[in-house]
>>> print(open('structure_0.tsv').read())   # TSV, C-alpha atoms
chain	number	residue	atom	x	y	z
A	1	MET	CA	-11.22	-7.17	16.35
A	2	PRO	CA	-10.07	-3.53	16.44
A	3	PHE	CA	-8.02	-2.10	13.61
A	4	THR	CA	-4.38	-1.77	14.61
A	5	VAL	CA	-1.21	-0.41	13.06
A	6	VAL	CA	1.80	-2.51	12.12
A	7	ASP	CA	4.44	-2.86	14.83
A	8	LEU	CA	7.57	-0.94	13.97
A	9	PRO	CA	10.19	-3.54	12.99
A	10	TYR	CA	12.98	-1.34	14.39
A	11	GLY	CA	13.57	1.08	17.24
A	12	LYS	CA	12.37	4.65	16.88
A	13	ASP	CA	15.98	5.84	16.82
A	14	ALA	CA	17.10	3.25	14.26
A	15	LEU	CA	16.54	5.39	11.15
A	16	GLY	CA	19.00	8.09	12.17
A	17	PRO	CA	20.67	10.18	11.03
A	18	PHE	CA	18.22	10.38	8.11
A	19	MET	CA	15.01	10.32	10.16
A	20	SER	CA	15.04	11.28	13.82
A	21	ALA	CA	13.48	9.38	16.71
A	22	GLU	CA	11.31	12.44	17.33
A	23	THR	CA	9.91	12.28	13.80
A	24	VAL	CA	9.26	8.54	14.02
A	25	ASP	CA	7.61	8.88	17.43
A	26	PHE	CA	5.40	11.81	16.44
A	27	HIS	CA	4.47	10.32	13.06
A	28	TYR	CA	3.82	6.78	14.31
A	29	GLU	CA	2.26	7.44	17.70
A	30	ARG	CA	0.14	10.48	16.88
A	31	HIS	CA	-0.62	10.38	13.17
A	32	HIS	CA	-0.59	6.68	12.27
A	33	LYS	CA	-2.18	5.41	15.48
A	34	GLY	CA	-4.58	8.34	15.34
A	35	TYR	CA	-5.98	7.08	12.03
A	36	ALA	CA	-6.54	3.63	13.57
A	37	THR	CA	-8.31	5.15	16.57
A	38	LYS	CA	-10.60	7.18	14.31
A	39	LEU	CA	-11.31	4.15	12.14
A	40	ASN	CA	-12.28	2.10	15.19
A	41	ASP	CA	-14.56	4.91	16.34
A	42	LEU	CA	-16.21	5.09	12.90
A	43	THR	CA	-16.79	1.34	12.60
A	44	ARG	CA	-17.61	0.38	16.18
A	45	ASP	CA	-20.65	-1.95	16.37
A	46	LYS	CA	-21.03	-1.85	12.58
A	47	PRO	CA	-20.47	-4.57	9.95
A	48	GLU	CA	-17.43	-2.61	8.76
A	49	ALA	CA	-15.65	-3.50	12.00
A	50	SER	CA	-15.14	-7.05	10.71
A	51	MET	CA	-13.87	-5.99	7.29
A	52	THR	CA	-10.21	-5.74	6.29
A	53	LEU	CA	-8.48	-2.48	5.46
A	54	GLU	CA	-8.40	-3.56	1.82
A	55	GLN	CA	-12.16	-4.18	1.84
A	56	LEU	CA	-12.88	-0.78	3.36
A	57	ILE	CA	-10.60	0.88	0.81
A	58	ALA	CA	-12.42	-0.91	-2.02
A	59	ASN	CA	-15.94	-0.23	-0.73
A	60	TYR	CA	-15.76	3.42	0.32
A	61	ALA	CA	-15.31	6.49	-1.86
A	62	VAL	CA	-12.11	8.50	-1.74
A	63	GLY	CA	-12.53	11.33	0.72
A	64	THR	CA	-15.12	9.67	2.95
A	65	PRO	CA	-14.11	9.34	6.61
A	66	ILE	CA	-13.93	5.53	6.60
A	67	PHE	CA	-11.90	5.48	3.38
A	68	ASN	CA	-9.54	8.21	4.56
A	69	ASN	CA	-8.72	6.50	7.85
A	70	ALA	CA	-8.57	2.94	6.50
A	71	ALA	CA	-6.33	4.03	3.64
A	72	GLN	CA	-4.07	6.03	5.91
A	73	VAL	CA	-3.60	3.04	8.23
A	74	PHE	CA	-2.73	0.89	5.19
A	75	ASN	CA	-0.51	3.55	3.60
A	76	HIS	CA	1.46	4.13	6.78
A	77	ASN	CA	1.85	0.39	7.37
A	78	MET	CA	3.49	0.23	3.95
A	79	PHE	CA	5.60	3.32	4.64
A	80	TRP	CA	7.16	1.99	7.85
A	81	LEU	CA	7.84	-1.39	6.27
A	82	SER	CA	9.34	0.31	3.19
A	83	MET	CA	12.14	1.55	5.44
A	84	ALA	CA	14.87	-0.15	7.45
A	85	PRO	CA	17.88	1.01	9.45
A	86	PRO	CA	20.57	2.30	7.09
A	87	THR	CA	23.19	-0.23	6.06
A	88	GLY	CA	25.55	2.03	4.17
A	89	ASN	CA	24.56	0.34	0.89
A	90	PRO	CA	21.46	2.08	-0.49
A	91	ASN	CA	21.41	0.04	-3.71
A	92	PRO	CA	18.86	-2.67	-4.52
A	93	PRO	CA	19.88	-6.34	-4.62
A	94	PRO	CA	20.62	-7.81	-8.07
A	95	GLU	CA	17.20	-9.43	-8.53
A	96	VAL	CA	15.39	-6.14	-7.85
A	97	ALA	CA	17.92	-4.13	-9.84
A	98	ALA	CA	17.29	-6.34	-12.87
A	99	LEU	CA	13.57	-5.52	-12.86
A	100	ILE	CA	14.28	-1.82	-12.31
A	101	ASP	CA	16.73	-1.85	-15.22
A	102	ARG	CA	14.15	-3.62	-17.39
A	103	ASP	CA	11.37	-1.13	-16.70
A	104	PHE	CA	13.24	2.14	-16.09
A	105	GLY	CA	16.54	1.69	-17.91
A	106	SER	CA	18.71	1.93	-14.80
A	107	PHE	CA	18.49	2.36	-11.04
A	108	ALA	CA	19.72	5.95	-11.43
A	109	GLU	CA	16.88	6.71	-13.84
A	110	PHE	CA	14.30	5.06	-11.57
A	111	LYS	CA	15.59	6.99	-8.57
A	112	ARG	CA	15.48	10.24	-10.56
A	113	LYS	CA	11.89	9.65	-11.75
A	114	PHE	CA	10.65	8.55	-8.33
A	115	SER	CA	12.29	11.56	-6.65
A	116	GLU	CA	10.96	13.97	-9.28
A	117	THR	CA	7.47	12.58	-8.76
A	118	ALA	CA	7.80	13.07	-4.99
A	119	LEU	CA	9.08	16.62	-5.38
A	120	GLY	CA	6.50	17.52	-8.02
A	121	HIS	CA	3.57	16.21	-6.00
A	122	PHE	CA	1.44	19.20	-5.01
A	123	GLY	CA	0.27	19.12	-1.42
A	124	SER	CA	-0.11	15.98	0.67
A	125	GLY	CA	0.10	12.45	-0.59
A	126	TRP	CA	2.15	9.40	-1.44
A	127	VAL	CA	4.51	8.18	-4.13
A	128	TRP	CA	4.41	4.45	-4.81
A	129	LEU	CA	6.32	1.82	-6.69
A	130	VAL	CA	3.75	-0.69	-7.97
A	131	LEU	CA	3.76	-3.81	-10.07
A	132	ASN	CA	1.01	-3.15	-12.59
A	133	ASP	CA	-1.36	-5.68	-14.14
A	134	ALA	CA	0.95	-6.05	-17.12
A	135	GLY	CA	3.75	-7.17	-14.79
A	136	LYS	CA	5.78	-3.97	-15.14
A	137	LEU	CA	7.08	-1.70	-12.41
A	138	GLU	CA	5.48	1.73	-12.40
A	139	ILE	CA	5.63	4.90	-10.29
A	140	VAL	CA	2.22	6.12	-9.07
A	141	SER	CA	1.46	9.39	-7.30
A	142	CYS	CA	-1.63	9.59	-5.08
A	143	HIS	CA	-3.17	12.59	-3.32
A	144	ASP	CA	-4.11	12.69	0.34
A	145	ALA	CA	-5.14	9.18	1.48
A	146	ASP	CA	-5.62	7.72	-2.00
A	147	ASN	CA	-3.53	4.70	-2.93
A	148	PRO	CA	-2.87	2.20	-5.75
A	149	LEU	CA	-5.41	-0.29	-4.37
A	150	LYS	CA	-8.21	2.23	-4.91
A	151	LYS	CA	-6.85	3.33	-8.28
A	152	GLY	CA	-6.53	-0.25	-9.51
A	153	ALA	CA	-2.96	0.66	-10.38
A	154	GLY	CA	-1.42	-2.65	-9.37
A	155	ARG	CA	0.25	-4.26	-6.38
A	156	PRO	CA	1.90	-1.80	-3.97
A	157	ILE	CA	5.61	-2.56	-3.61
A	158	MET	CA	6.93	0.38	-1.56
A	159	THR	CA	5.95	3.94	-0.76
A	160	CYS	CA	7.31	7.31	0.32
A	161	ASP	CA	5.09	9.59	2.41
A	162	VAL	CA	5.16	13.19	1.20
A	163	TRP	CA	2.73	14.62	3.73
A	164	GLU	CA	4.56	17.38	5.58
A	165	HIS	CA	4.25	15.57	8.91
A	166	ALA	CA	6.59	12.91	7.50
A	167	TYR	CA	9.53	15.29	7.39
A	168	TYR	CA	8.76	18.70	8.92
A	169	ILE	CA	10.45	18.11	12.29
A	170	ASP	CA	13.73	17.11	10.61
A	171	TYR	CA	13.69	19.07	7.37
A	172	ARG	CA	11.07	21.81	7.80
A	173	ASN	CA	9.82	22.57	4.26
A	174	ARG	CA	12.85	21.04	2.53
A	175	ARG	CA	11.07	18.12	0.86
A	176	ALA	CA	13.91	17.68	-1.62
A	177	GLU	CA	16.40	17.01	1.18
A	178	TYR	CA	13.98	14.60	2.88
A	179	VAL	CA	13.46	12.61	-0.31
A	180	GLU	CA	17.19	12.50	-1.01
A	181	LYS	CA	17.93	11.19	2.49
A	182	TRP	CA	14.97	8.76	2.39
A	183	TRP	CA	16.78	6.64	-0.21
A	184	ASN	CA	19.27	5.64	2.49
A	185	LEU	CA	16.39	3.98	4.36
A	186	VAL	CA	14.70	1.97	1.62
A	187	ASN	CA	14.07	-1.59	2.77
A	188	TRP	CA	15.09	-3.53	-0.34
A	189	ALA	CA	14.37	-6.84	1.38
A	190	PHE	CA	10.73	-5.72	1.74
A	191	VAL	CA	10.68	-4.65	-1.92
A	192	LYS	CA	12.14	-7.98	-2.98
A	193	ALA	CA	9.57	-9.92	-0.94
A	194	ASN	CA	6.68	-7.89	-2.37
A	195	LEU	CA	7.94	-8.68	-5.86
A	196	GLY	CA	7.96	-12.37	-5.02
A	197	LEU	CA	11.70	-12.68	-5.66
>>> encode(input="structure_0.tsv", output="structure tokens")
Amino acid sequence: MPFTVVDLPYGKDALGPFMSAETVDFHYERHHKGYATKLNDLTRDKPEASMTLEQLIANYAVGTPIFNNAAQVFNHNMFWLSMAPPTGNPNPPPEVAALIDRDFGSFAEFKRKFSETALGHFGSGWVWLVLNDAGKLEIVSCHDADNPLKKGAGRPIMTCDVWEHAYYIDYRNRRAEYVEKWWNLVNWAFVKANLGL
């Protein structure tokens, strides 16, 4: 069965005004689907074609073509699901807020640390919220296609893409503005589900 990308759970124009339909279309159709196409080309008629993304990520070294494309399909799946149409209330629900308060002191402090990590990340990559093996929430920064599954950093909960193609159409090189606006799109229901709450 060919590797596919997650279906967008919203229309391409549904993330406005914080992310344009043009950005979603370009990012999803060309970049995300492009990784799946390359992965299918790399694994066609090979045992790897029957493996899961998680298995490919575990079995291939960071930087190899199969790892890069499998990880980027997985990472982007998480990215699209980490967002939802804006509701006007960008705050987490009480159950999630309680865990954030426990592990970061407050939502404001978590947001500050996550944003600082995204802004301080040099070059392309991802910033993740994970639930580590000790059961605590942690912010993890990964370069290029790398992700928490490969690092053994814990269970991925949500992610923000800081590759330039995630924001250049809307914000040019203004990553700080992109990250600030991205908080309006966080899908707290997805976060809550990934935490098992």
>>> closest_residue(input="structure_0.tsv", among="A:Ala145, A:Met83, A:Leu131, A:Leu119", to="A:Val24", atoms="all atoms listed in the file")
A:Met83
>>> closest_residue(input="structure_0.tsv", among="A:Arg155, A:Arg172, A:Lys150, A:His121", to="A:Ala134", atoms="only C-alpha atoms")
A:Arg155
>>> residues_around(input="structure_0.tsv", residues="stretch 88-94 of chain A", least_positions_apart="3", cutoff="9 Å", atoms="all atoms listed in the file", output="VMD selection string")
chain A and resid 97 to 99 107 183 to 189 191 to 192
>>> write_last_selection(input="structure_0.tsv", atoms="C-alpha atoms", output="PDB file, keeping the file's coordinate frame")
ATOM      1  CA  ALA A  97      17.920  -4.130  -9.840  1.00  0.00           C
ATOM      2  CA  ALA A  98      17.290  -6.340 -12.870  1.00  0.00           C
ATOM      3  CA  LEU A  99      13.570  -5.520 -12.860  1.00  0.00           C
ATOM      4  CA  PHE A 107      18.490   2.360 -11.040  1.00  0.00           C
ATOM      5  CA  TRP A 183      16.780   6.640  -0.210  1.00  0.00           C
ATOM      6  CA  ASN A 184      19.270   5.640   2.490  1.00  0.00           C
ATOM      7  CA  LEU A 185      16.390   3.980   4.360  1.00  0.00           C
ATOM      8  CA  VAL A 186      14.700   1.970   1.620  1.00  0.00           C
ATOM      9  CA  ASN A 187      14.070  -1.590   2.770  1.00  0.00           C
ATOM     10  CA  TRP A 188      15.090  -3.530  -0.340  1.00  0.00           C
ATOM     11  CA  ALA A 189      14.370  -6.840   1.380  1.00  0.00           C
ATOM     12  CA  VAL A 191      10.680  -4.650  -1.920  1.00  0.00           C
ATOM     13  CA  LYS A 192      12.140  -7.980  -2.980  1.00  0.00           C
TER      14      LYS A 192
END
>>> closest_residue(input="structure_0.tsv", among="A:Arg175, A:Pro86, A:Tyr35, A:Tyr60", to="A:Pro17", atoms="only C-alpha atoms")
A:Pro86
>>> atom_distance(input="structure_0.tsv", atom1="atom CA of A:Lys33", atom2="atom CA of A:Ala21")
16.2 Å
>>> atom_distance(input="structure_0.tsv", atom1="atom CA of A:Glu164", atom2="atom CA of A:Ser124")
6.9 Å
>>> atom_distance(input="structure_0.tsv", atom1="atom CA of A:Leu197", atom2="atom CA of A:Asn147")
23.3 Å
>>> closest_residue(input="structure_0.tsv", among="A:Asn40, A:Asn77, A:Asn194, A:Thr87", to="A:Gly154", atoms="all atoms listed in the file")
A:Asn194
>>> decode(input="structure_0.tsv", residues="stretch 70-112 of chain A", atoms="N, CA and C atoms", output="short mmCIF file (atom, residue, chain, number, x, y, z; two decimals), in the first residue's frame")
data_model
loop_
_atom_site.label_atom_id
_atom_site.label_comp_id
_atom_site.auth_asym_id
_atom_site.auth_seq_id
_atom_site.Cartn_x
_atom_site.Cartn_y
_atom_site.Cartn_z
N ALA A 70 10.40 9.67 4.94
CA ALA A 70 9.44 9.08 5.88
C ALA A 70 9.19 10.03 7.05
N ALA A 71 10.26 10.60 7.58
CA ALA A 71 10.12 11.51 8.72
C ALA A 71 9.36 12.77 8.32
N GLN A 72 9.61 13.28 7.13
CA GLN A 72 8.92 14.49 6.72
C GLN A 72 7.42 14.24 6.46
N VAL A 73 7.06 13.04 6.00
CA VAL A 73 5.64 12.72 5.89
C VAL A 73 5.03 12.69 7.30
N PHE A 74 5.70 12.01 8.23
CA PHE A 74 5.20 11.93 9.61
C PHE A 74 5.13 13.32 10.25
N ASN A 75 6.21 14.08 10.13
CA ASN A 75 6.27 15.40 10.76
C ASN A 75 5.16 16.32 10.24
N HIS A 76 4.96 16.31 8.94
CA HIS A 76 3.92 17.17 8.37
C HIS A 76 2.52 16.68 8.75
N ASN A 77 2.33 15.36 8.83
CA ASN A 77 1.04 14.86 9.32
C ASN A 77 0.73 15.47 10.69
N MET A 78 1.73 15.44 11.56
CA MET A 78 1.56 16.01 12.90
C MET A 78 1.32 17.52 12.85
N PHE A 79 2.01 18.19 11.96
CA PHE A 79 1.89 19.65 11.85
C PHE A 79 0.47 20.05 11.47
N TRP A 80 -0.09 19.42 10.43
CA TRP A 80 -1.44 19.80 10.00
C TRP A 80 -2.46 19.49 11.08
N LEU A 81 -2.27 18.37 11.76
CA LEU A 81 -3.23 18.00 12.81
C LEU A 81 -3.05 18.83 14.08
N SER A 82 -1.87 19.44 14.24
CA SER A 82 -1.61 20.31 15.39
C SER A 82 -2.31 21.65 15.25
N MET A 83 -2.92 21.88 14.08
CA MET A 83 -3.62 23.15 13.85
C MET A 83 -5.10 22.91 13.58
N ALA A 84 -5.88 23.94 13.81
CA ALA A 84 -7.32 23.92 13.55
C ALA A 84 -7.75 25.34 13.24
N PRO A 85 -8.89 25.51 12.58
CA PRO A 85 -9.38 26.86 12.32
C PRO A 85 -9.47 27.66 13.62
N PRO A 86 -9.10 28.94 13.57
CA PRO A 86 -9.10 29.74 14.79
C PRO A 86 -10.48 29.89 15.39
N THR A 87 -10.53 29.83 16.71
CA THR A 87 -11.81 29.92 17.42
C THR A 87 -11.97 31.25 18.16
N GLY A 88 -10.89 32.01 18.23
CA GLY A 88 -10.93 33.23 19.02
C GLY A 88 -10.50 33.01 20.46
N ASN A 89 -10.31 31.75 20.85
CA ASN A 89 -9.82 31.41 22.19
C ASN A 89 -8.59 30.53 22.06
N PRO A 90 -7.40 31.15 22.05
CA PRO A 90 -6.17 30.39 21.81
C PRO A 90 -5.62 29.69 23.05
N ASN A 91 -6.38 29.62 24.11
CA ASN A 91 -5.89 29.02 25.36
C ASN A 91 -6.23 27.54 25.44
N PRO A 92 -5.39 26.74 26.10
CA PRO A 92 -5.66 25.31 26.23
C PRO A 92 -6.82 25.05 27.18
N PRO A 93 -7.48 23.89 27.01
CA PRO A 93 -8.55 23.53 27.95
C PRO A 93 -7.97 23.24 29.33
N PRO A 94 -8.79 23.25 30.37
CA PRO A 94 -8.29 23.12 31.74
C PRO A 94 -7.40 21.90 31.99
N GLU A 95 -7.77 20.75 31.40
CA GLU A 95 -6.99 19.53 31.65
C GLU A 95 -5.57 19.66 31.09
N VAL A 96 -5.45 20.26 29.91
CA VAL A 96 -4.13 20.47 29.31
C VAL A 96 -3.38 21.57 30.06
N ALA A 97 -4.09 22.63 30.40
CA ALA A 97 -3.47 23.74 31.13
C ALA A 97 -2.88 23.26 32.45
N ALA A 98 -3.53 22.32 33.10
CA ALA A 98 -3.03 21.81 34.39
C ALA A 98 -1.68 21.13 34.22
N LEU A 99 -1.53 20.35 33.15
CA LEU A 99 -0.24 19.69 32.91
C LEU A 99 0.84 20.69 32.51
N ILE A 100 0.45 21.68 31.71
CA ILE A 100 1.40 22.73 31.33
C ILE A 100 1.85 23.50 32.56
N ASP A 101 0.91 23.85 33.43
CA ASP A 101 1.27 24.55 34.67
C ASP A 101 2.21 23.69 35.52
N ARG A 102 1.93 22.41 35.59
CA ARG A 102 2.76 21.51 36.39
C ARG A 102 4.20 21.47 35.90
N ASP A 103 4.37 21.43 34.57
CA ASP A 103 5.71 21.19 34.02
C ASP A 103 6.44 22.45 33.56
N PHE A 104 5.70 23.55 33.37
CA PHE A 104 6.34 24.79 32.91
C PHE A 104 6.07 25.97 33.83
N GLY A 105 5.20 25.82 34.80
CA GLY A 105 4.89 26.91 35.71
C GLY A 105 3.64 27.66 35.35
N SER A 106 3.43 27.89 34.05
CA SER A 106 2.24 28.58 33.58
C SER A 106 2.17 28.42 32.07
N PHE A 107 0.98 28.68 31.50
CA PHE A 107 0.85 28.65 30.05
C PHE A 107 1.71 29.74 29.42
N ALA A 108 1.74 30.91 30.04
CA ALA A 108 2.55 32.02 29.50
C ALA A 108 4.02 31.62 29.42
N GLU A 109 4.51 30.94 30.44
CA GLU A 109 5.91 30.53 30.45
C GLU A 109 6.17 29.44 29.40
N PHE A 110 5.24 28.50 29.26
CA PHE A 110 5.37 27.48 28.23
C PHE A 110 5.40 28.12 26.85
N LYS A 111 4.46 29.02 26.61
CA LYS A 111 4.38 29.68 25.31
C LYS A 111 5.66 30.45 25.01
N ARG A 112 6.19 31.12 26.04
CA ARG A 112 7.44 31.88 25.86
C ARG A 112 8.60 30.94 25.51
#
